[in-house]
Each structure stands twice: as structure tokens, then as C-alpha cells.
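*Asks:* For reference, the file upload-v5.tsv (TSV, C-alpha atoms) is included below:
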```tsv
chain	number	residue	atom	x	y	z
A	1	MET	CA	112.88	128.40	132.05
A	2	GLY	CA	110.40	129.29	129.34
A	3	LYS	CA	107.29	127.36	128.48
A	4	VAL	CA	107.00	125.84	125.02
A	5	VAL	CA	103.54	126.04	123.46
A	6	VAL	CA	102.57	124.51	120.11
A	7	VAL	CA	99.64	125.98	118.21
A	8	THR	CA	98.34	123.15	116.05
A	9	SER	CA	95.19	121.85	114.34
A	10	GLY	CA	95.79	119.28	111.62
A	11	LYS	CA	93.51	121.11	109.23
A	12	GLY	CA	94.72	124.20	107.40
A	13	GLY	CA	93.04	127.57	107.41
A	14	VAL	CA	91.44	127.33	110.85
A	15	GLY	CA	93.46	130.17	112.39
A	16	LYS	CA	96.75	128.76	113.71
A	17	THR	CA	98.90	131.65	112.51
A	18	THR	CA	96.36	134.30	113.53
A	19	SER	CA	96.11	132.69	116.97
A	20	THR	CA	99.88	132.34	117.37
A	21	ALA	CA	100.34	136.05	116.63
A	22	ALA	CA	97.42	137.15	118.82
A	23	LEU	CA	98.33	134.96	121.82
A	24	GLY	CA	102.01	135.85	121.50
A	25	ALA	CA	101.26	139.57	121.41
A	26	ALA	CA	98.72	139.28	124.24
A	27	LEU	CA	101.33	137.63	126.48
A	28	ALA	CA	103.95	140.22	125.48
A	29	GLN	CA	101.45	142.97	126.30
A	30	ARG	CA	101.55	141.58	129.85
A	31	ASN	CA	105.30	142.28	129.76
A	32	GLU	CA	106.33	138.68	129.43
A	33	LYS	CA	109.16	137.82	127.05
A	34	VAL	CA	107.72	135.99	124.08
A	35	VAL	CA	109.13	134.51	120.88
A	36	VAL	CA	106.82	133.20	118.18
A	37	VAL	CA	108.41	130.58	115.93
A	38	ASP	CA	107.14	129.71	112.46
A	39	PHE	CA	107.59	126.00	111.64
A	40	ASP	CA	105.92	126.12	108.24
A	41	VAL	CA	109.00	125.71	106.04
A	42	GLY	CA	108.33	126.82	102.48
A	43	LEU	CA	104.97	128.40	103.33
A	44	ARG	CA	105.80	130.86	106.08
A	45	ASN	CA	103.15	133.42	106.92
A	46	LEU	CA	103.63	134.40	110.53
A	47	ASP	CA	105.98	137.21	109.42
A	48	LEU	CA	103.24	138.59	107.16
A	49	VAL	CA	100.50	138.39	109.77
A	50	MET	CA	102.83	140.14	112.25
A	51	GLY	CA	103.74	142.84	109.72
A	52	ALA	CA	107.46	141.96	109.71
A	53	GLU	CA	107.74	140.43	106.22
A	54	ARG	CA	110.18	143.08	104.98
A	55	ARG	CA	112.48	142.69	107.94
A	56	VAL	CA	113.21	138.97	107.54
A	57	VAL	CA	116.96	138.47	107.20
A	58	TYR	CA	117.54	135.28	109.11
A	59	ASP	CA	115.22	132.32	109.49
A	60	LEU	CA	114.86	129.17	111.59
A	61	VAL	CA	117.34	127.24	109.46
A	62	ASN	CA	119.95	130.03	109.78
A	63	VAL	CA	119.49	129.90	113.52
A	64	ILE	CA	119.87	126.14	113.52
A	65	GLN	CA	123.01	126.36	111.40
A	66	GLY	CA	124.66	128.92	113.60
A	67	ASP	CA	124.62	132.58	114.34
A	68	ALA	CA	121.54	134.65	113.50
A	69	LYS	CA	119.27	137.25	115.03
A	70	LEU	CA	115.60	137.18	115.94
A	71	ILE	CA	113.29	139.96	114.75
A	72	ARG	CA	112.09	142.26	117.50
A	73	ASP	CA	108.52	143.51	117.10
A	74	LYS	CA	108.32	147.25	116.35
A	75	ARG	CA	105.37	147.77	118.68
A	76	LEU	CA	106.22	145.55	121.64
A	77	GLU	CA	109.66	145.40	123.21
A	78	THR	CA	109.17	141.91	124.61
A	79	LEU	CA	107.85	140.25	121.45
A	80	PHE	CA	110.19	138.48	119.02
A	81	LEU	CA	109.72	136.53	115.81
A	82	LEU	CA	111.67	133.63	114.38
A	83	PRO	CA	110.48	133.11	110.79
A	84	ALA	CA	110.52	129.84	108.85
A	85	SER	CA	112.71	129.47	105.78
A	86	GLN	CA	110.94	130.20	102.57
A	87	THR	CA	113.19	128.67	99.94
A	88	ARG	CA	115.32	126.05	101.56
A	89	ASP	CA	114.76	122.35	101.55
A	90	LYS	CA	112.51	121.05	104.30
A	91	ASP	CA	115.18	118.53	105.32
A	92	ASN	CA	117.32	121.35	106.71
A	93	LEU	CA	114.97	121.40	109.65
A	94	THR	CA	116.52	118.58	111.66
A	95	ALA	CA	115.22	117.13	114.89
A	96	GLU	CA	118.56	117.80	116.62
A	97	GLY	CA	118.69	121.36	115.29
A	98	VAL	CA	115.19	122.13	116.52
A	99	GLU	CA	116.01	120.65	119.91
A	100	ARG	CA	119.10	122.87	120.27
A	101	VAL	CA	117.26	126.04	119.24
A	102	ILE	CA	114.31	125.39	121.56
A	103	ALA	CA	116.65	124.66	124.46
A	104	GLU	CA	118.49	127.92	123.78
A	105	LEU	CA	115.27	129.98	123.45
A	106	LYS	CA	113.98	128.56	126.74
A	107	LYS	CA	116.85	130.28	128.55
A	108	TYR	CA	115.88	133.75	127.37
A	109	PHE	CA	112.11	133.74	126.95
A	110	ASP	CA	109.09	133.14	129.18
A	111	TRP	CA	107.11	131.77	126.25
A	112	ILE	CA	108.15	130.01	123.06
A	113	ILE	CA	105.09	129.75	120.85
A	114	CYS	CA	105.44	127.40	117.88
A	115	ASP	CA	103.17	127.90	114.89
A	116	SER	CA	102.70	124.42	113.42
A	117	PRO	CA	102.18	123.76	109.72
A	118	ALA	CA	98.93	122.03	108.74
A	119	GLY	CA	98.91	118.27	108.28
A	120	ILE	CA	100.42	115.47	110.33
A	121	GLU	CA	103.75	115.20	108.51
A	122	ARG	CA	107.25	115.89	109.76
A	123	GLY	CA	106.87	119.67	110.08
A	124	ALA	CA	103.85	119.29	112.33
A	125	THR	CA	105.43	116.59	114.50
A	126	LEU	CA	108.66	118.63	114.81
A	127	ALA	CA	106.66	121.68	115.90
A	128	MET	CA	104.92	119.73	118.68
A	129	ARG	CA	107.94	117.63	119.67
A	130	HIS	CA	109.24	119.81	122.53
A	131	ALA	CA	105.96	121.35	123.65
A	132	ASP	CA	104.94	121.59	127.30
A	133	MET	CA	101.45	122.61	126.30
A	134	ALA	CA	99.38	122.56	123.12
A	135	VAL	CA	96.71	124.90	121.82
A	136	VAL	CA	94.47	122.92	119.47
A	137	VAL	CA	92.77	125.39	117.14
A	138	THR	CA	89.40	124.10	115.94
A	139	ASN	CA	86.52	125.50	113.89
A	140	PRO	CA	82.98	124.33	114.73
A	141	GLU	CA	82.90	122.28	111.54
A	142	VAL	CA	83.12	118.50	110.99
A	143	SER	CA	86.42	118.26	109.10
A	144	SER	CA	88.22	120.53	111.55
A	145	VAL	CA	86.94	118.60	114.58
A	146	ARG	CA	87.96	115.29	113.04
A	147	ASP	CA	91.49	116.55	112.30
A	148	SER	CA	91.80	117.98	115.81
A	149	ASP	CA	90.94	114.56	117.21
A	150	ARG	CA	93.77	113.11	115.13
A	151	ILE	CA	96.19	115.80	116.33
A	152	ILE	CA	95.23	115.16	119.97
A	153	GLY	CA	96.16	111.51	119.38
A	154	LEU	CA	99.57	112.59	118.04
A	155	LEU	CA	100.14	114.97	120.96
A	156	ASP	CA	99.54	112.03	123.30
A	157	SER	CA	102.00	109.78	121.48
A	158	LYS	CA	104.61	111.68	119.47
A	159	THR	CA	105.73	114.46	121.83
A	160	LEU	CA	108.77	114.14	124.09
A	161	LYS	CA	106.53	114.59	127.13
A	162	ALA	CA	104.27	111.74	126.03
A	163	GLU	CA	107.23	109.47	125.34
A	164	ARG	CA	108.54	110.14	128.84
A	165	GLY	CA	105.14	109.14	130.19
A	166	GLU	CA	104.28	112.69	131.24
A	167	ARG	CA	101.09	114.46	130.33
A	168	ILE	CA	101.11	117.22	127.80
A	169	GLU	CA	98.68	120.01	128.66
A	170	LYS	CA	96.15	120.36	125.84
A	171	HIS	CA	93.77	123.28	125.36
A	172	LEU	CA	91.00	123.81	122.86
A	173	LEU	CA	90.75	127.17	121.12
A	174	LEU	CA	87.46	127.35	119.24
A	175	THR	CA	87.78	129.88	116.42
A	176	ARG	CA	85.38	131.39	113.87
A	177	TYR	CA	82.49	130.70	116.22
A	178	ASP	CA	79.12	132.20	115.44
A	179	ALA	CA	76.92	132.12	118.54
A	180	ASN	CA	73.77	132.97	116.62
A	181	ARG	CA	74.19	130.17	114.09
A	182	ALA	CA	74.98	127.72	116.89
A	183	GLN	CA	71.90	128.90	118.74
A	184	ARG	CA	69.77	128.25	115.67
A	185	GLY	CA	71.19	124.73	115.33
A	186	ASP	CA	73.09	125.49	112.14
A	187	MET	CA	76.56	125.18	113.68
A	188	LEU	CA	78.13	122.83	116.20
A	189	LYS	CA	77.87	124.31	119.68
A	190	VAL	CA	80.75	124.86	122.08
A	191	GLU	CA	79.53	122.00	124.25
A	192	ASP	CA	79.24	119.65	121.24
A	193	VAL	CA	82.88	120.21	120.29
A	194	LEU	CA	84.00	119.95	123.92
A	195	GLU	CA	82.12	116.69	124.41
A	196	ILE	CA	83.58	115.17	121.26
A	197	LEU	CA	87.21	116.23	121.80
A	198	SER	CA	87.13	116.23	125.63
A	199	ILE	CA	90.01	118.63	126.30
A	200	PRO	CA	89.65	121.81	128.37
A	201	LEU	CA	88.54	125.02	126.67
A	202	LEU	CA	91.05	127.87	126.40
A	203	GLY	CA	88.71	130.31	124.71
A	204	ILE	CA	86.17	131.05	122.03
A	205	ILE	CA	87.09	133.44	119.24
A	206	PRO	CA	84.10	134.75	117.31
A	207	GLU	CA	83.94	134.98	113.54
A	208	SER	CA	84.78	138.64	112.99
A	209	MET	CA	85.81	141.20	110.42
A	210	ASP	CA	88.37	142.48	112.91
A	211	VAL	CA	90.47	139.35	112.39
A	212	LEU	CA	90.76	139.88	108.63
A	213	ARG	CA	91.39	143.59	109.17
A	214	ALA	CA	94.26	142.83	111.54
A	215	SER	CA	95.98	140.54	109.05
A	216	ASN	CA	95.39	143.08	106.26
A	217	ILE	CA	97.34	145.71	108.18
A	218	GLY	CA	99.92	143.25	109.50
A	219	ALA	CA	99.20	143.43	113.20
A	220	PRO	CA	98.25	140.71	115.69
A	221	VAL	CA	94.52	140.96	116.49
A	222	THR	CA	95.27	142.06	120.05
A	223	LEU	CA	97.40	144.97	118.79
A	224	ALA	CA	95.30	146.04	115.81
A	225	ASP	CA	92.37	146.99	118.03
A	226	ALA	CA	92.73	145.93	121.62
A	227	ARG	CA	89.10	146.71	122.37
A	228	SER	CA	87.60	144.60	119.57
A	229	ILE	CA	85.63	141.49	120.56
A	230	PRO	CA	88.13	138.96	119.11
A	231	ALA	CA	91.03	140.84	120.78
A	232	GLN	CA	89.25	140.62	124.14
A	233	ALA	CA	88.69	136.90	123.56
A	234	TYR	CA	92.41	136.41	122.80
A	235	PHE	CA	93.42	138.41	125.90
A	236	ASP	CA	91.25	136.12	128.02
A	237	ALA	CA	92.68	133.04	126.32
A	238	ALA	CA	96.23	134.27	127.00
A	239	ARG	CA	95.40	134.79	130.68
A	240	ARG	CA	94.04	131.24	130.90
A	241	LEU	CA	97.16	129.95	129.14
A	242	ALA	CA	99.21	131.70	131.82
A	243	GLY	CA	97.27	129.79	134.45
A	244	GLU	CA	94.57	132.25	135.53
A	245	SER	CA	91.11	130.83	135.90
A	246	LEU	CA	88.52	133.01	134.23
A	247	PRO	CA	84.91	132.15	133.51
A	248	ILE	CA	84.38	131.33	129.84
A	249	THR	CA	82.14	133.74	128.00
A	250	ILE	CA	80.67	133.14	124.57
A	251	PRO	CA	81.36	136.25	122.49
A	252	GLY	CA	78.40	137.61	120.57
A	253	GLU	CA	75.86	135.75	122.65
A	254	LYS	CA	73.82	138.96	122.99
A	255	ARG	CA	71.03	138.37	120.52
A	256	SER	CA	69.08	141.07	118.82
A	257	PHE	CA	65.43	141.65	119.58
A	258	LEU	CA	64.36	140.10	116.26
A	259	ASP	CA	66.52	137.01	116.81
A	260	LYS	CA	64.90	136.48	120.19
A	261	ILE	CA	61.43	136.61	118.72
A	262	PHE	CA	62.33	134.08	116.03
A	263	ALA	CA	64.14	131.81	118.47
A	264	ARG	CA	61.10	131.74	120.72
A	265	ARG	CA	58.87	130.92	117.80
A	266	ALA	CA	61.11	128.06	116.69
A	267	ALA	CA	61.18	126.60	120.19
B	268	MET	CA	61.46	122.15	93.83
B	269	SER	CA	57.84	122.87	94.56
B	270	ILE	CA	56.59	126.16	95.83
B	271	PHE	CA	55.73	124.48	99.15
B	272	SER	CA	59.30	123.57	99.92
B	273	LEU	CA	59.99	127.29	100.23
B	274	PHE	CA	57.81	127.37	103.30
B	275	ARG	CA	58.91	124.11	104.82
B	276	LYS	CA	61.33	124.59	107.66
B	277	GLN	CA	64.81	123.37	106.83
B	278	GLN	CA	66.14	120.67	109.13
B	279	ARG	CA	68.78	121.79	111.62
B	280	SER	CA	72.15	120.52	110.50
B	281	ALA	CA	74.25	120.82	113.68
B	282	PRO	CA	72.74	117.71	115.35
B	283	MET	CA	73.61	115.72	112.22
B	284	ALA	CA	77.18	117.01	112.29
B	285	ARG	CA	77.48	116.02	115.92
B	286	GLU	CA	76.12	112.53	115.38
B	287	ARG	CA	78.23	111.85	112.29
B	288	LEU	CA	81.36	112.96	114.15
B	289	GLN	CA	80.60	110.82	117.17
B	290	VAL	CA	80.17	107.69	115.04
B	291	LEU	CA	83.21	108.41	112.87
B	292	LEU	CA	85.57	109.25	115.71
B	293	ALA	CA	84.54	106.23	117.77
B	294	HIS	CA	85.47	104.14	114.76
B	295	GLU	CA	88.75	105.95	114.05
B	296	ARG	CA	89.89	105.82	117.67
B	297	ALA	CA	89.13	102.07	117.75
B	298	SER	CA	91.16	101.46	114.62
B	299	LEU	CA	94.17	103.20	116.16
B	300	GLU	CA	93.77	100.86	119.09
B	301	SER	CA	93.76	97.87	116.75
B	302	ASP	CA	97.25	98.89	115.60
B	303	LEU	CA	98.28	98.51	119.22
B	304	VAL	CA	96.61	95.09	119.36
B	305	SER	CA	98.56	93.89	116.35
B	306	ILE	CA	101.87	95.06	117.85
B	307	LEU	CA	101.04	93.37	121.15
B	308	ARG	CA	100.01	90.22	119.32
B	309	GLU	CA	103.30	89.99	117.47
B	310	GLU	CA	105.46	90.56	120.53
B	311	ILE	CA	103.49	88.32	122.88
B	312	LEU	CA	103.55	85.48	120.36
B	313	ALA	CA	107.30	85.88	119.94
B	314	VAL	CA	107.77	85.43	123.69
B	315	ILE	CA	105.51	82.37	123.88
B	316	ALA	CA	107.17	80.84	120.83
B	317	LYS	CA	110.51	80.90	122.64
B	318	HIS	CA	109.19	78.41	125.18
B	319	VAL	CA	106.46	76.33	123.57
B	320	GLU	CA	105.38	75.27	120.13
B	321	PHE	CA	101.94	76.32	119.07
B	322	ASP	CA	99.83	76.89	116.01
B	323	PRO	CA	99.72	80.66	115.28
B	324	ASP	CA	96.26	80.20	113.80
B	325	LYS	CA	94.94	79.06	117.18
B	326	VAL	CA	95.62	82.33	118.92
B	327	ARG	CA	92.94	84.88	119.69
B	328	ILE	CA	93.73	88.33	120.92
B	329	LYS	CA	90.96	90.73	121.76
B	330	MET	CA	90.78	94.24	123.14
B	331	ASP	CA	87.55	95.14	124.92
B	332	ARG	CA	86.76	98.62	126.00
B	333	ASP	CA	84.78	99.66	129.05
B	334	ASP	CA	84.08	103.18	130.17
B	335	ASP	CA	87.15	103.28	132.37
B	336	VAL	CA	89.46	100.49	131.26
B	337	SER	CA	90.46	98.40	128.29
B	338	ILE	CA	90.77	94.64	128.72
B	339	LEU	CA	93.30	92.69	126.71
B	340	GLU	CA	92.34	89.05	126.26
B	341	ILE	CA	94.85	86.53	125.03
B	342	ASP	CA	93.78	83.03	124.20
B	343	VAL	CA	96.51	80.65	123.03
B	344	GLU	CA	95.80	77.00	122.33
B	345	ILE	CA	98.88	74.95	123.21
B	346	PRO	CA	99.02	71.32	122.04
B	347	LEU	CA	99.49	68.81	124.91
B	348	ASN	CA	102.84	67.44	123.75
B	349	ALA	CA	104.27	70.96	123.20
B	350	ALA	CA	103.43	71.93	126.76
B	351	ARG	CA	105.04	68.78	128.05
B	352	LEU	CA	108.18	69.43	126.03
B	353	ALA	CA	108.53	72.84	127.59
B	354	ALA	CA	107.96	71.53	131.11
```
Write the structure described by the file as C-alpha cells, please.

*Replies:*
Amino acid sequence: MGKVVVVTSGKGGVGKTTSTAALGAALAQRNEKVVVVDFDVGLRNLDLVMGAERRVVYDLVNVIQGDAKLIRDKRLETLFLLPASQTRDKDNLTAEGVERVIAELKKYFDWIICDSPAGIERGATLAMRHADMAVVVTNPEVSSVRDSDRIIGLLDSKTLKAERGERIEKHLLLTRYDANRAQRGDMLKVEDVLEILSIPLLGIIPESMDVLRASNIGAPVTLADARSIPAQAYFDAARRLAGESLPITIPGEKRSFLDKIFARRAA
Amino acid sequence: MSIFSLFRKQQRSAPMARERLQVLLAHERASLESDLVSILREEILAVIAKHVEFDPDKVRIKMDRDDDVSILEIDVEIPLNAARLAA
């Protein structure tokens, strides 16, 4: 039986879709069968970030309403995409329909990764409803941390697991992190965010041009350039998601000679 | 802006962010808990009302929070004759 993961954040623009694509691809690169599901009805983007926007024939609502096919990734045999509907009414996404589709996908895939829409409305609660584990994507910035706190509250109350009195596994993915700015005291540090949200850390993704470049060319970060720093960070995060215990490293912590001199002077 | 402010070191903003978040989230988490208190209040009072008469204004319900546990305190003033009626 596959594991259902929701990638969520509350706030928009923090990197949910990028992270869904990168984690999904990273797991598929380990030869696990993965499907990434876009829950953002009306504003789908996972297809675009994955470079499959011109191959969308069927979407989540088609699948709910009956027979339809998933899109197989052109680069990875074990990676599949289920896009959200772009035009249809949001109400077509029913709780029963989602339940049926997730149950069906669990039979065929090792991982079902659900890309949640922003906000705390129906779309977001439907995306998290059936999750076994949650990846809470957070930027080191006050509004993102506040919204993540809200989402953690929802994960603990509105998911099926929570309602059954079970614990849903929650992981923090800190994105757009700039180690130098945090070091200088201009950005919340990893430990600040961890202390405030108090959920375990899945990984730290540095602010990087490679992330924008990957979405420009329509490839998950881990496929666009597997040796780039953010790709390495996503590979590590995927391994932790799969249960491996790896020491956390802060990408970009190597400071330049000049930075060191200034840091010493400030201290 | 004077010329001197150019040389003055700008205050680090991350500690402020951290402190503001800690205060705000403590408050927001507590207010979510108060929703729970009002639900509990309603249901507990309904149960008591089945058995004794009491003045709803003379009920105090309080949720206290320790590091490890929350304590729910219920204080209901029951008039003497109402208690006797129930007994």
C-alpha cells in the first residue's frame, strides 16, 4: 500500500509545487513508483513545473468521474502526474470522489504526493484529508511561519488520521533559506523556525537560481541538474521522507573569506 | 536622514521577527483553545441542566495551561433548593 503525502503551507508562493515536483522526482529516481497529484483546481501549475502542460488530456475530475489516464513522465518511467482541472467548477472535487481516487492510487503506487492549494479552504483540507504524512513548506519569514502554524493545527484536527485519534507525521521543509543572511541576523534561523513550529525538520532548501531555472525549462529541480545544491538538498529530504536518518546540513553555510572577516568584526 | 545615520549600524531584524511570532502564535493558539472551552461549556451545562436547575450566569469555566497539561476548571453554583429537588 502506498503512502499518501500532502505538501502544504497555508501561504502561497513558498514553494509547494516546486517541492512536490522535486520530491516526487527524487523518489522516482530511487525507482519507487510515484504519482504527484495537483489539488489546485482552477489554478493548476504542477503540469507546467513538470514540463507536461501540453500533454494534459485528463484531469483529477475526469478520474473521479470515471475512466481516465495518468500522464507518465517522459524522463522517469516510475513518475506519473495527475493534473488538476483548469476550467471546471471547484465543486466537482467531491470528498467521496477524492477518497475513491486516493484509495485506487494507493494500490498501484509507493507514493501519492498531493500538491495542496494555498489557503485553508476546501481545496486545502481535501488535499490533506487522506494524508499519512505532511510536508509543511515554510519560508524563514514571519507570514509564512504564522500560516504554517495554522496549517499544523488543521493537520492535527481535520485529517482522517487525526479524527481517528492517530498521529499524522508532520515534517518541516524550510525553503528559500539564505544561510548568510541568517548568520548576519537578517533572516530567521533554522533553529528559530524549528523552535516556533516544533515539528521535525525534513530539509533545508537554499534560495537558488537553479530552482527558477528548473521551472523555466519545465523539469523538477532534481532532474534539471542533479548536482546542483538545491537538487542535493531535495534528494536528502526525499531520503528522510522515506525513513532514512541523515544528518541535516545547512546548504551554503560555507562563508567567503570577506564574510568571515565582517562576521568576526560584528561579533 | 542625517549623514550620521549612514554610518550607524542597522539593528538586526531576525530577533524581532522571532519575538513577534512567539507572542502572536501564543495568542492565536490560545484563542483556538478558547473555542474548545466554549464548546465544552455548552455541552457540560446541557448535561447539568438535565438534572438540576441553576443560573447560567453563575457558572465559571476556565482552561489553564501548564507546560505539560491543560487543566479544565468548572465552577457551577447550584441553589440549595435546586440540589434538593434533584436528590

*Asks:* Between A:Lys158, A:His171, A:Arg129, A:Lys107, which is the closest to A:Phe39 once you count only C-alpha atoms?

*Replies:*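 Using only C-alpha atoms, the shortest distance to A:Phe39 belongs to A:Arg129.
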
*Asks:* I'd like to know which of A:Leu194, A:Leu43, A:Ala103, A:Leu223 is closest to chain B, using all atoms listed in the file.

*Replies:* A:Leu194

*Asks:* Using only C-alpha atoms, select each residue of chain A with any atom at most 7 Å away from an atom of chain B, and give the selection as a tab-separated table (two decimals) with C-alpha atoms, in the frame of the given file.

*Replies:*
```tsv
chain	number	residue	atom	x	y	z
A	142	VAL	CA	83.12	118.50	110.99
A	185	GLY	CA	71.19	124.73	115.33
A	186	ASP	CA	73.09	125.49	112.14
A	187	MET	CA	76.56	125.18	113.68
A	188	LEU	CA	78.13	122.83	116.20
A	192	ASP	CA	79.24	119.65	121.24
A	196	ILE	CA	83.58	115.17	121.26
```

*Asks:* Using Å and a single decimal, report how far atom CA of A:Asn139 sits from atom CA of A:Ala162.

*Replies:*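 Atom-to-atom, atom CA of A:Ala162 to atom CA of A:Asn139, that is 25.5 Å.
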
*Asks:* Could you work out how far atom CA of A:Val41 lies from atom CA of A:Asp73, giving the answer in Å with one decimal?

*Replies:*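 Going from atom CA of A:Asp73 over to atom CA of A:Val41 covers 21.0 Å.
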
*Asks:* How many Å separate atom CA of A:Ala242 from atom CA of A:Leu27?

*Replies:*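 Taking atom CA of A:Ala242 and atom CA of A:Leu27, their separation equals 8.3 Å.
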
*Asks:* Find the spatial neighbours of stretch 100-102 of chain A, counting all atoms listed in the file, within a cut-off of 8 Å - ignore same-chain residues fewer than 3 positions away - and output them as a list in words.

*Replies:*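 Result of the neighbour search: Val63, Ile64, Glu96, Gly97, Leu105, Lys106, Ile112 and His130 of chain A.
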
*Asks:* Rank nothing, just name the residue among A:Ala95, A:Val190, A:Ala52, A:Val61 nearest to A:Phe80, using all atoms listed in the file.

*Replies:*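 Closest to A:Phe80, using all atoms listed in the file: A:Ala52.
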
*Asks:* My list of candidates is A:Arg164, A:Arg181, A:Arg176, A:Lys33. Which is closest to A:Ile204 when distances are computed with all atoms listed in the file?

*Replies:*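 Among the listed residues, A:Arg176 lies closest to A:Ile204.
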
*Asks:* Which of these residues is nearest to A:Ser245, using all atoms listed in the file: A:Gly165, A:Pro200, A:Gly15, A:Gly218?

*Replies:*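 Looking at the shortest contact to A:Ser245, the residue is A:Pro200.
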
*Asks:* Please return as an MDAnalysis selection string every residue within 10 Å of (95.8, 138.9, 121.6), taking into account all atoms listed in the file and the file's own coordinates.

*Replies:* chainID A and resid 18:29 220:226 230:239
